[in-house]
Amino acid sequence: MDFNLMVEISPLLIKAAWITIDISVRSLFFGFFVACGLVFLQSFRFAPIRWFARGYISVIRGTPYFVQLLLVFYGGPSIGFRLDPITCGVFVGAFNIGAYMSEAIRGSIESVDSGQAEAARSLGFGRAQTLVSIVLPQAAALMIRSVGVLAIVVVKNSSLVSIISVVELTYQAQRLIGSTYKPLEIFTLTALIYIIIVYAVMGIIELAYRRAMRYTTL
Amino acid sequence: MEFDFTPVITYFPTLLQGLGVGLLVALVVAFMSIVGGLLVAVISVYVNKVVSWPLRFFIWLFMTTPLLLQLYFLYFGLGEWILIPAILVGILGLGFHYMAYNADIFIATIKAVSGGQYEASRSLGFGHIATIFYIIVPQALIRSIPQLGNNMILMVKDTSVLSAIGVAELVYASQYAISVTFRPFEFFIVIAVMYYVVNIFMELGQAWLERMTAYRR
Amino acid sequence: MSTENQTDTPDTPMVEIRDVYKRFGDLEVLKGINLTVNRGKIISIIGPSGSGKSTLLRSVNHLEVIEKGSIFLEGVQVNRPDLKGLAFERHINHIRQNMGMVFQHFNLFPHLSTIDNVTLAPRKLKGMEAKAAREWGMELLNRVGLAEKADVFPNWLSGGQKQRVAIARALAMKPKVMLFDEATSALDPELVEEVNLVMRSLAEEHMTMLIVTHEMGFARDVSDWAMFMDGGVVVEECAPQKLFSNPDQERTRNFLKKHLQG
Amino acid sequence: MSTENQTDTPDTPMVEIRDVYKRFGDLEVLKGINLTVNRGKIISIIGPSGSGKSTLLRSVNHLEVIEKGSIFLEGVQVNRPDLKGLAFERHINHIRQNMGMVFQHFNLFPHLSTIDNVTLAPRKLKGMEAKAAREWGMELLNRVGLAEKADVFPNWLSGGQKQRVAIARALAMKPKVMLFDEATSALDPELVEEVNLVMRSLAEEHMTMLIVTHEMGFARDVSDWAMFMDGGVVVEECAPQKLFSNPDQERTRNFLKKHLQG
Amino acid sequence: RDLNEIRDDVLQVVNSGAYPPFSFVDTQGNLVGFDVDIAEALAEKMGVKVNVQSSPWNGIIAAMVGGRFDACICSMSDTEERRQAVTFTDSYYSAGLAVWVQDSTNDVNSMDDFAGKRVGSTLGETGNQWAVENADGNWSNQTFQGLPDMMNGLTTGRIDIMIADDVPVMVAIRENDTKIKMIDVGDLPRFPAAISIQKNQPELLAALNVALAEIKADGTYQAIVDKWIGEGANIE
Ligand SMILES: Nc1ncnc2c1ncn2[C@@H]1O[C@H](COP(=O)(O)OP(=O)(O)OP(=O)(O)O)[C@@H](O)[C@H]1O
Ligand SMILES: Nc1ncnc2c1ncn2[C@@H]1O[C@H](COP(=O)(O)OP(=O)(O)OP(=O)(O)O)[C@@H](O)[C@H]1O
Ligand SMILES: [Mg+2]
Ligand SMILES: [Mg+2]
């Protein structure tokens, strides 16, 4: 192992890691709203709106992420939709993970025993109030867990964003190998950075989970 | 941008071949990740920490790093000591990666099978291992089908990452064709459709399995 | 509060069920049920499993939507087909606040402490102040004998205690009628009595109650009127003394014979 | 098969419980229990919730490990502290094959059809052929009146049917003693009788049985001996006729009074 | 985008960033190399500002066709098929395919000796296309995502023979002291490396060609060659 090299290039990798983090955080943030929107659309009584949401989720989950990236980033300009690479990474990332997240959110809501909603309704609570006061607090813990798993997926998927010329962590590592011919050192370092990021994400999830448990006890 | 799909027709057999390779890899990986995941889960739930902890750590490593990086590491990083053929690297990388995810599911479903089931089996005279094998694992498997199906659907798409180490699957085939014909979008659209068709079949298969096992839960 | 609420004259029946029909898919579960419950009266509904008792009770609270017929609470129609969307939502929420429902499986909110379970509805739906709500909640918990469990979470309570909290919760909105759906049948035999005691005390205070139960002894003791259902129809209804000693119908006799034996 | 098995002489008691102690953490649940069950006898164990009835029954089957005392099945010690690891595992599996246990919540295997639930143990543990096992399974299902449900899965059965299958399953290994832990208390009242009938038929065939139950009527009718437990000790044991009409102990009388009332 | 729009903005140029010495990142993280310097020299002559970026090879083609970049100065070989989709300028250097083996290998002396061997090439490059079209079942092809990967494959023995453009490999051998050698197996195709731009951009094409001629004429070009390829090298 060439430790001098590892020390020398680590600032470059860390800089690239920030881009990975930036894209991941923003994708997750906006993805959450996309997901809530999709869950909301699926609760419509008007069937075509539900079908649209189901179809969207199915197509997004059924096609590879990097193809989605390429089509939007490189195909977009020809229909007048031009985004800079990082914005495009966030945009596609959010709409991609939103589809997965909406399923996770729906699942955790459905996991709450239907007797809970019935009990609330029988007390005179309205639909929205039942959701907010009774169902969501009980779904929160599971929701944080399953959304948390997706957060890790987002971090790891961000390595695919390199295909639209974003120099994130994995691509930077590949480029550095190209000029240094030292794959082992660079991969070890890169993996270490990913592990740290993912570990931090897992810590945040755990924290949020505990918070949720506390909130649920009002 | 005007589309011209004639090059796609020329390379269609190559694409189909690539799809076949991808699906073959997926099949092996599915088998490996389900059987392996189950094994890991059973060991982590039932065997003491000394044995299960290193195993969990190994699995955890695969869960926390991008697949692409793992493949590169196995292929080039380890290349200085041991040469694993590309397709095997792909299968191992994907296999371990999804083994980690599947093990997580199995651990949860094994724990969800009620203690009453274990006791009932023991009270019939089944031993610990026989109980796990005949009673706990089958029930955990049935309960895992929905999440397992999701994972396997994700995994099929992830076979595309194997193009990076030269495994001639669908994306690889398309890259070759694109570099010759310079018709990227036509090929991307076609492979997206191909993946989507596979995905639909898998979703149908999953729904069928869930239906077939619904009354066994 | 809507104007329909003003029909509160002494001789209006509290609950009226008129010719109610309900089906699930191909299965007809209620086939023309009629029942009138006067203020302060206690009605027991008995019948074999699957006869439609729960469905009837749930229809009264509009947890099931009936196909035909009508249900009134103090002269106000519960299932108002003329109201749609939000207007109906408002209407039914208001109706439900006047009916307390107690379920077989308690359905306490596991994320809330006992007192919060009881006071959530008055706080959120009537805007009761936290302090007043706590006092009111303690009064109710006291009444079911669980004041000392106010800050405990439902998972730490025994089944009988859970059900008593559920009753307190249902009472918190000062309902005009209480609906009990097998309130004691998920309980261990020893715990049944403590819940029955609470229900008896409600009876003494002339709470209007509709009780679905499998406990014939309790039904006989406590109720003013008894109804035997089978296959979605009312087979027989009369004073409980008569129903449990000398019913008119063969079917009723068969059902009860089996019970008095066990 | 171990040699200890040969002590099968006519005058060995079937089950012997000698001075058994068991605690969970700080809670002493069994405080020196003694009981002898002779071949073909039926013993009922009654007592309030938490008195340790289930724990005692589970200790007999070694589902709970007792702290002190010993338990014998036909003279063979169940809790053998001298055996360790795999040797004990073999020993206890063999012992358990000679005891059938029926649980309150049935614990049928949901992934197996009714007949497979019944025949799994004889097939896997005795190596019975598929065909012979099916015949044997059908015989048992016939006996509990469920032959026509052989290929149905447990989730499609009613509670009473489930419990009857559970009994058939326990009988499949031809046990020498059957342990029932509140076999009917999770059932709807209408379904209790069908399970009781099956248990009565076992009694008529002189199956040795240990029955924990809350149904006093059934306990009185069916058993040869009755035992009242409270707080981890045996308060009183005698012939059921005496226990249920004129018990010696004040505690027993209190407990039974409440029940005969309900 | 046509030339006028570019003049108002910047010339967007792309390369793969993993093809030393033509384009790669140095240990300070800067994108450098022959292609980068050529791009800057051309822009200076054309009087436009330039922005050089890198993108993985499989994104570059989509980028060019989709119009994300104005020019790909990325050592791309000019082939007949590719001309269907993009326009090429005059060649800015000439790349020849060459065959490489480990120093210790002695049994490969002609194309006949390829039989039964594992032959490596870079996915999407002309060497790969040549290897696929000529293999005919005689040898097995194995591909890599870039030259560094492939050279790693050759030195570790994943492949027996490597087919690649000669210049970058020679530079890499010199810089890294790699234990491989070139062997002469007779005629292999040579492809001119040219700048690719979108179709129907005559002004941009003309301007690039003029600028290219100018830097060759005034010695700028040779200076860049000296710097990256080797003192006095001739790669035209
Ligand atoms: N949501 C539903 N969908 C379909 N069928 C239903 C539904 N709810 C109840 N049923 C059916 O309607 C019939 C009547 O059910 P109901 O729960 O009213 O009976 P019940 O008299 O309360 O019986 P039990 O004493 O077992 O509670 C049953 O056959 C039941 O299977
Ligand atoms: N695994 C355990 N861990 C801790 N305490 C236990 C455990 N099992 C039982 N107990 C406690 O031991 C006591 C006796 O329990 P047991 O289940 O034997 O009572 P029981 O007589 O069967 O009551 P029931 O009629 O309610 O079934 C109870 O206080 C119970 O809470
Ligand atoms: Mg009911
Ligand atoms: Mg018990």
# chains A, B, ... in the order shown; residues from 1 in each chain; ligands from 1
$ residues_around --residues "Leu61 of chain B" --least-positions-apart "4" --cutoff "8 Å" --atoms "only C-alpha atoms" --output "ChimeraX atom specification"
/A:195 /B:57,65
$ write_last_selection --atoms "all heavy atoms" --output "mmCIF file, in the first residue's frame"
data_model
loop_
_atom_site.group_PDB
_atom_site.id
_atom_site.type_symbol
_atom_site.label_atom_id
_atom_site.label_comp_id
_atom_site.auth_asym_id
_atom_site.auth_seq_id
_atom_site.Cartn_x
_atom_site.Cartn_y
_atom_site.Cartn_z
ATOM 1 N N ILE A 195 -18.371 4.147 3.732
ATOM 2 C CA ILE A 195 -18.802 3.529 4.989
ATOM 3 C C ILE A 195 -19.090 4.600 6.032
ATOM 4 O O ILE A 195 -20.082 4.543 6.754
ATOM 5 C CB ILE A 195 -17.732 2.528 5.474
ATOM 6 C CG1 ILE A 195 -17.767 1.288 4.581
ATOM 7 C CG2 ILE A 195 -17.985 2.137 6.928
ATOM 8 C CD1 ILE A 195 -16.666 0.288 4.848
ATOM 9 N N PHE B 57 -20.866 -8.562 10.264
ATOM 10 C CA PHE B 57 -19.965 -7.476 9.874
ATOM 11 C C PHE B 57 -19.619 -7.564 8.390
ATOM 12 O O PHE B 57 -19.667 -6.582 7.655
ATOM 13 C CB PHE B 57 -18.690 -7.529 10.717
ATOM 14 C CG PHE B 57 -17.693 -6.474 10.324
ATOM 15 C CD1 PHE B 57 -17.904 -5.148 10.677
ATOM 16 C CD2 PHE B 57 -16.570 -6.793 9.585
ATOM 17 C CE1 PHE B 57 -17.009 -4.167 10.302
ATOM 18 C CE2 PHE B 57 -15.663 -5.814 9.208
ATOM 19 C CZ PHE B 57 -15.883 -4.503 9.563
ATOM 20 N N THR B 65 -21.490 -0.112 0.994
ATOM 21 C CA THR B 65 -20.700 0.463 -0.101
ATOM 22 C C THR B 65 -21.403 0.214 -1.435
ATOM 23 O O THR B 65 -22.116 -0.764 -1.585
ATOM 24 C CB THR B 65 -19.299 -0.147 -0.126
ATOM 25 O OG1 THR B 65 -19.408 -1.559 0.002
ATOM 26 C CG2 THR B 65 -18.456 0.379 1.003
#
$ residues_around --residues "Asp116 of chain C" --least-positions-apart "5" --cutoff "9 Å" --atoms "only C-alpha atoms" --output "list in words"
Leu218 of chain A; Phe109, Ala121, Arg134, Gly137, Ala150 and Asp151 of chain C
$ write_last_selection --atoms "all heavy atoms" --output "CSV table (one decimal), in the first residue's frame"
chain,number,residue,atom,x,y,z
A,218,LEU,N,-46.4,11.7,22.8
A,218,LEU,CA,-46.9,13.1,23.0
A,218,LEU,C,-46.3,13.7,24.2
A,218,LEU,O,-46.9,13.8,25.3
A,218,LEU,CB,-48.4,13.1,23.1
A,218,LEU,CG,-49.2,13.1,21.8
A,218,LEU,CD1,-50.7,13.2,22.1
A,218,LEU,CD2,-48.8,14.3,20.9
C,109,PHE,N,-55.3,3.4,21.9
C,109,PHE,CA,-54.2,3.9,21.1
C,109,PHE,C,-52.9,3.6,21.8
C,109,PHE,O,-52.6,4.2,22.9
C,109,PHE,CB,-54.4,5.4,20.9
C,109,PHE,CG,-55.7,5.8,20.3
C,109,PHE,CD1,-56.5,6.8,20.7
C,109,PHE,CD2,-56.2,5.1,19.2
C,109,PHE,CE1,-57.7,7.1,20.2
C,109,PHE,CE2,-57.4,5.4,18.6
C,109,PHE,CZ,-58.1,6.4,19.1
C,121,ALA,N,-60.0,12.9,22.5
C,121,ALA,CA,-61.2,13.3,21.7
C,121,ALA,C,-61.7,14.7,22.3
C,121,ALA,O,-61.9,15.6,21.5
C,121,ALA,CB,-62.3,12.3,21.7
C,134,ARG,N,-57.6,17.0,31.7
C,134,ARG,CA,-57.0,16.1,32.6
C,134,ARG,C,-58.0,15.8,33.8
C,134,ARG,O,-58.1,14.7,34.2
C,134,ARG,CB,-55.7,16.6,33.1
C,134,ARG,CG,-54.9,15.5,33.9
C,134,ARG,CD,-53.5,15.8,34.2
C,134,ARG,NE,-53.1,14.7,35.1
C,134,ARG,CZ,-52.4,13.6,34.7
C,134,ARG,NH1,-52.0,13.5,33.5
C,134,ARG,NH2,-52.1,12.7,35.6
C,137,GLY,N,-60.7,13.7,32.5
C,137,GLY,CA,-60.2,12.3,32.3
C,137,GLY,C,-60.0,11.6,33.6
C,137,GLY,O,-60.3,10.4,33.7
C,150,ALA,N,-53.3,6.4,35.3
C,150,ALA,CA,-53.5,7.5,34.3
C,150,ALA,C,-52.3,7.6,33.4
C,150,ALA,O,-52.4,7.9,32.2
C,150,ALA,CB,-53.7,8.8,35.1
C,151,ASP,N,-51.1,7.5,33.9
C,151,ASP,CA,-49.9,7.8,33.1
C,151,ASP,C,-49.2,6.6,32.6
C,151,ASP,O,-48.1,6.6,32.2
C,151,ASP,CB,-49.0,8.7,33.9
C,151,ASP,CG,-49.7,10.1,34.1
C,151,ASP,OD1,-50.2,10.7,33.1
C,151,ASP,OD2,-49.8,10.5,35.3
$ residues_near_ligand --ligand "ligand 4" --cutoff "7 Å" --atoms "only C-alpha atoms and all ligand atoms" --output "NGL selection string"
:D and (49 or 53-54 or 181-182)
$ residues_near_ligand --ligand "ligand 3" --cutoff "10 Å" --atoms "only C-alpha atoms and all ligand atoms" --output "ChimeraX atom specification"
/C:47-58,103-104,181-182,185,212-214
$ select_by_dssp --residues "segment 201-254 of chain D" --states "strand (DSSP E or B)" --output "list in words"
Thr208, Met209, Leu210, Ile211, Val212, Trp225, Ala226, Met227, Phe228, Met229, Asp230, Val233, Val234, Val235, Glu236, Glu237 and Cys238 of chain D
$ interface_residues --of "chain D" --to "chain C" --cutoff "10 Å" --atoms "only C-alpha atoms" --output "number ranges by chain"
D: 47-49, 185-193, 196, 214-218, 255, 258-259, 261-262
$ closest_atom_pairs --of "chain B" --to "chain A" --cutoff "9 Å" --atoms "only C-alpha atoms" --output "Markdown table"
| residue | atom | partner | partner_atom | distance |
| --- | --- | --- | --- | --- |
| B:Met1 | CA | A:Ser78 | CA | 6.1 |
| B:Leu61 | CA | A:Ile195 | CA | 7.7 |
| B:Met63 | CA | A:Ile152 | CA | 8.7 |
| B:Thr64 | CA | A:Ile195 | CA | 5.5 |
| B:Thr65 | CA | A:Tyr194 | CA | 5.8 |
| B:Pro66 | CA | A:Lys156 | CA | 4.8 |
| B:Leu67 | CA | A:Lys156 | CA | 7.8 |
| B:Leu68 | CA | A:Ser159 | CA | 8.0 |
| B:Leu69 | CA | A:Phe187 | CA | 7.1 |
| B:Gln70 | CA | A:Ala191 | CA | 8.4 |
| B:Tyr72 | CA | A:Phe187 | CA | 7.9 |
| B:Phe73 | CA | A:Phe187 | CA | 6.4 |
| B:Phe76 | CA | A:Pro183 | CA | 6.7 |
| B:Gly77 | CA | A:Leu184 | CA | 4.5 |
| B:Leu78 | CA | A:Leu184 | CA | 7.5 |
| B:Gly79 | CA | A:Leu184 | CA | 9.0 |
| B:Glu80 | CA | A:Leu184 | CA | 8.6 |
| B:Ile153 | CA | A:Gly62 | CA | 7.8 |
| B:Leu154 | CA | A:Arg61 | CA | 7.9 |
| B:Lys157 | CA | A:Pro64 | CA | 5.7 |
| B:Asp158 | CA | A:Pro64 | CA | 7.7 |
| B:Ser160 | CA | A:Pro64 | CA | 8.1 |
| B:Phe185 | CA | A:Leu71 | CA | 7.0 |
| B:Phe188 | CA | A:Val67 | CA | 6.2 |
| B:Ile189 | CA | A:Val67 | CA | 8.0 |
| B:Ile191 | CA | A:Val67 | CA | 8.5 |
| B:Ala192 | CA | A:Thr63 | CA | 5.4 |
| B:Val193 | CA | A:Thr63 | CA | 7.5 |
| B:Met194 | CA | A:Thr63 | CA | 8.6 |
| B:Tyr195 | CA | A:Thr63 | CA | 5.8 |
| B:Tyr196 | CA | A:Gly62 | CA | 4.8 |
| B:Val197 | CA | A:Gly62 | CA | 8.1 |
| B:Val198 | CA | A:Gly62 | CA | 8.3 |
| B:Asn199 | CA | A:Gly62 | CA | 5.4 |
| B:Ile200 | CA | A:Gly62 | CA | 7.5 |
$ select_by_dssp --residues "segment 54-255 of chain C" --states "helix (DSSP H, G or I)" --output "ChimeraX atom specification"
/C:54-60,85-97,114-126,130-143,147-149,154-156,159-171,189-204,216-222,240-245,250-255
$ interface_residues --of "chain E" --to "chain A" --cutoff "6 Å" --atoms "only C-alpha atoms" --output "MDAnalysis selection string"
chainID E and resid 18 24 55:56 59 63 66 148
$ atom_distance --atom1 "atom 6 (C, counted along the ligand's line) of ligand 2" --atom2 "atom CA of Lys68 of chain D"
16.9 Å
$ interface_residues --of "chain B" --to "chain E" --cutoff "10 Å" --atoms "only C-alpha atoms" --output "PyMOL selection string"
chain B and resi 1+72+75-77+79-86+163-168+172-185+188
$ write_last_selection --atoms "N, CA and C atoms" --output "compact mmCIF listing (two decimals), in the first residue's frame"
# COMPACT_ATOMS: atom_id res chain seq x y z
N MET B 1 -34.00 16.41 -32.24
CA MET B 1 -33.36 15.09 -32.38
C MET B 1 -34.34 14.12 -33.04
N TYR B 72 -15.42 -3.45 -8.61
CA TYR B 72 -14.09 -2.99 -8.96
C TYR B 72 -13.07 -3.54 -7.97
N TYR B 75 -12.55 -7.14 -8.60
CA TYR B 75 -11.98 -7.43 -9.91
C TYR B 75 -10.56 -6.91 -10.04
N PHE B 76 -10.38 -5.63 -9.73
CA PHE B 76 -9.05 -5.03 -9.91
C PHE B 76 -8.27 -4.98 -8.62
N GLY B 77 -8.96 -4.63 -7.53
CA GLY B 77 -8.27 -4.50 -6.26
C GLY B 77 -7.63 -5.81 -5.86
N GLY B 79 -7.03 -8.10 -7.83
CA GLY B 79 -6.30 -8.62 -8.98
C GLY B 79 -4.82 -8.82 -8.72
N GLU B 80 -4.30 -8.10 -7.73
CA GLU B 80 -2.87 -8.24 -7.45
C GLU B 80 -2.56 -9.59 -6.79
N TRP B 81 -3.59 -10.23 -6.22
CA TRP B 81 -3.34 -11.53 -5.57
C TRP B 81 -4.11 -12.68 -6.23
N ILE B 82 -5.36 -12.41 -6.55
CA ILE B 82 -6.17 -13.51 -7.06
C ILE B 82 -7.04 -13.03 -8.20
N LEU B 83 -7.09 -13.83 -9.26
CA LEU B 83 -7.85 -13.45 -10.43
C LEU B 83 -9.17 -14.20 -10.46
N ILE B 84 -10.24 -13.47 -10.19
CA ILE B 84 -11.55 -14.10 -10.28
C ILE B 84 -12.15 -13.67 -11.62
N PRO B 85 -12.65 -14.63 -12.40
CA PRO B 85 -13.24 -14.25 -13.70
C PRO B 85 -14.36 -13.24 -13.53
N ALA B 86 -14.50 -12.37 -14.54
CA ALA B 86 -15.45 -11.26 -14.43
C ALA B 86 -16.84 -11.72 -14.04
N SER B 163 -21.61 -4.50 -16.48
CA SER B 163 -20.96 -4.06 -17.72
C SER B 163 -19.62 -3.42 -17.41
N ALA B 164 -19.49 -2.84 -16.23
CA ALA B 164 -18.25 -2.14 -15.88
C ALA B 164 -17.06 -3.08 -15.80
N ILE B 165 -17.30 -4.35 -15.54
CA ILE B 165 -16.17 -5.27 -15.51
C ILE B 165 -16.22 -6.23 -16.69
N GLY B 166 -16.94 -5.80 -17.74
CA GLY B 166 -16.85 -6.54 -18.99
C GLY B 166 -17.72 -7.76 -19.11
N VAL B 167 -18.75 -7.88 -18.26
CA VAL B 167 -19.69 -8.98 -18.44
C VAL B 167 -20.69 -8.57 -19.51
N ALA B 168 -20.86 -9.43 -20.52
CA ALA B 168 -21.60 -9.03 -21.71
C ALA B 168 -23.10 -9.10 -21.50
N TYR B 172 -24.05 -3.74 -21.48
CA TYR B 172 -22.79 -3.92 -22.18
C TYR B 172 -23.03 -4.02 -23.68
N ALA B 173 -23.99 -4.86 -24.03
CA ALA B 173 -24.30 -5.04 -25.44
C ALA B 173 -24.71 -3.71 -26.07
N SER B 174 -25.50 -2.95 -25.32
CA SER B 174 -25.95 -1.68 -25.88
C SER B 174 -24.79 -0.70 -25.99
N GLN B 175 -23.88 -0.74 -25.03
CA GLN B 175 -22.74 0.19 -25.10
C GLN B 175 -21.88 -0.08 -26.32
N TYR B 176 -21.70 -1.36 -26.58
CA TYR B 176 -20.93 -1.70 -27.76
C TYR B 176 -21.63 -1.17 -29.00
N ALA B 177 -22.92 -1.47 -29.09
CA ALA B 177 -23.68 -1.04 -30.26
C ALA B 177 -23.68 0.48 -30.36
N ILE B 178 -23.79 1.17 -29.24
CA ILE B 178 -23.81 2.63 -29.27
C ILE B 178 -22.48 3.18 -29.76
N SER B 179 -21.39 2.56 -29.31
CA SER B 179 -20.09 3.10 -29.69
C SER B 179 -19.83 2.90 -31.17
N VAL B 180 -20.48 1.91 -31.76
CA VAL B 180 -20.31 1.72 -33.20
C VAL B 180 -21.26 2.62 -33.97
N THR B 181 -22.51 2.68 -33.51
CA THR B 181 -23.54 3.36 -34.32
C THR B 181 -23.79 4.80 -33.90
N PHE B 182 -23.34 5.17 -32.70
CA PHE B 182 -23.62 6.51 -32.17
C PHE B 182 -25.10 6.82 -32.15
N ARG B 183 -25.91 5.86 -31.73
CA ARG B 183 -27.34 6.09 -31.60
C ARG B 183 -27.78 5.83 -30.16
N PRO B 184 -27.28 6.60 -29.19
CA PRO B 184 -27.49 6.24 -27.79
C PRO B 184 -28.96 6.19 -27.37
N PHE B 185 -29.72 7.21 -27.76
CA PHE B 185 -31.07 7.30 -27.18
C PHE B 185 -31.96 6.16 -27.64
N PHE B 188 -31.01 3.27 -25.52
CA PHE B 188 -31.44 3.42 -24.12
C PHE B 188 -32.93 3.15 -23.98
$ closest_residue --among "D:Gly40, D:Pro81, D:Pro175, D:Gly32" --to "chain B" --atoms "only C-alpha atoms"
D:Pro175
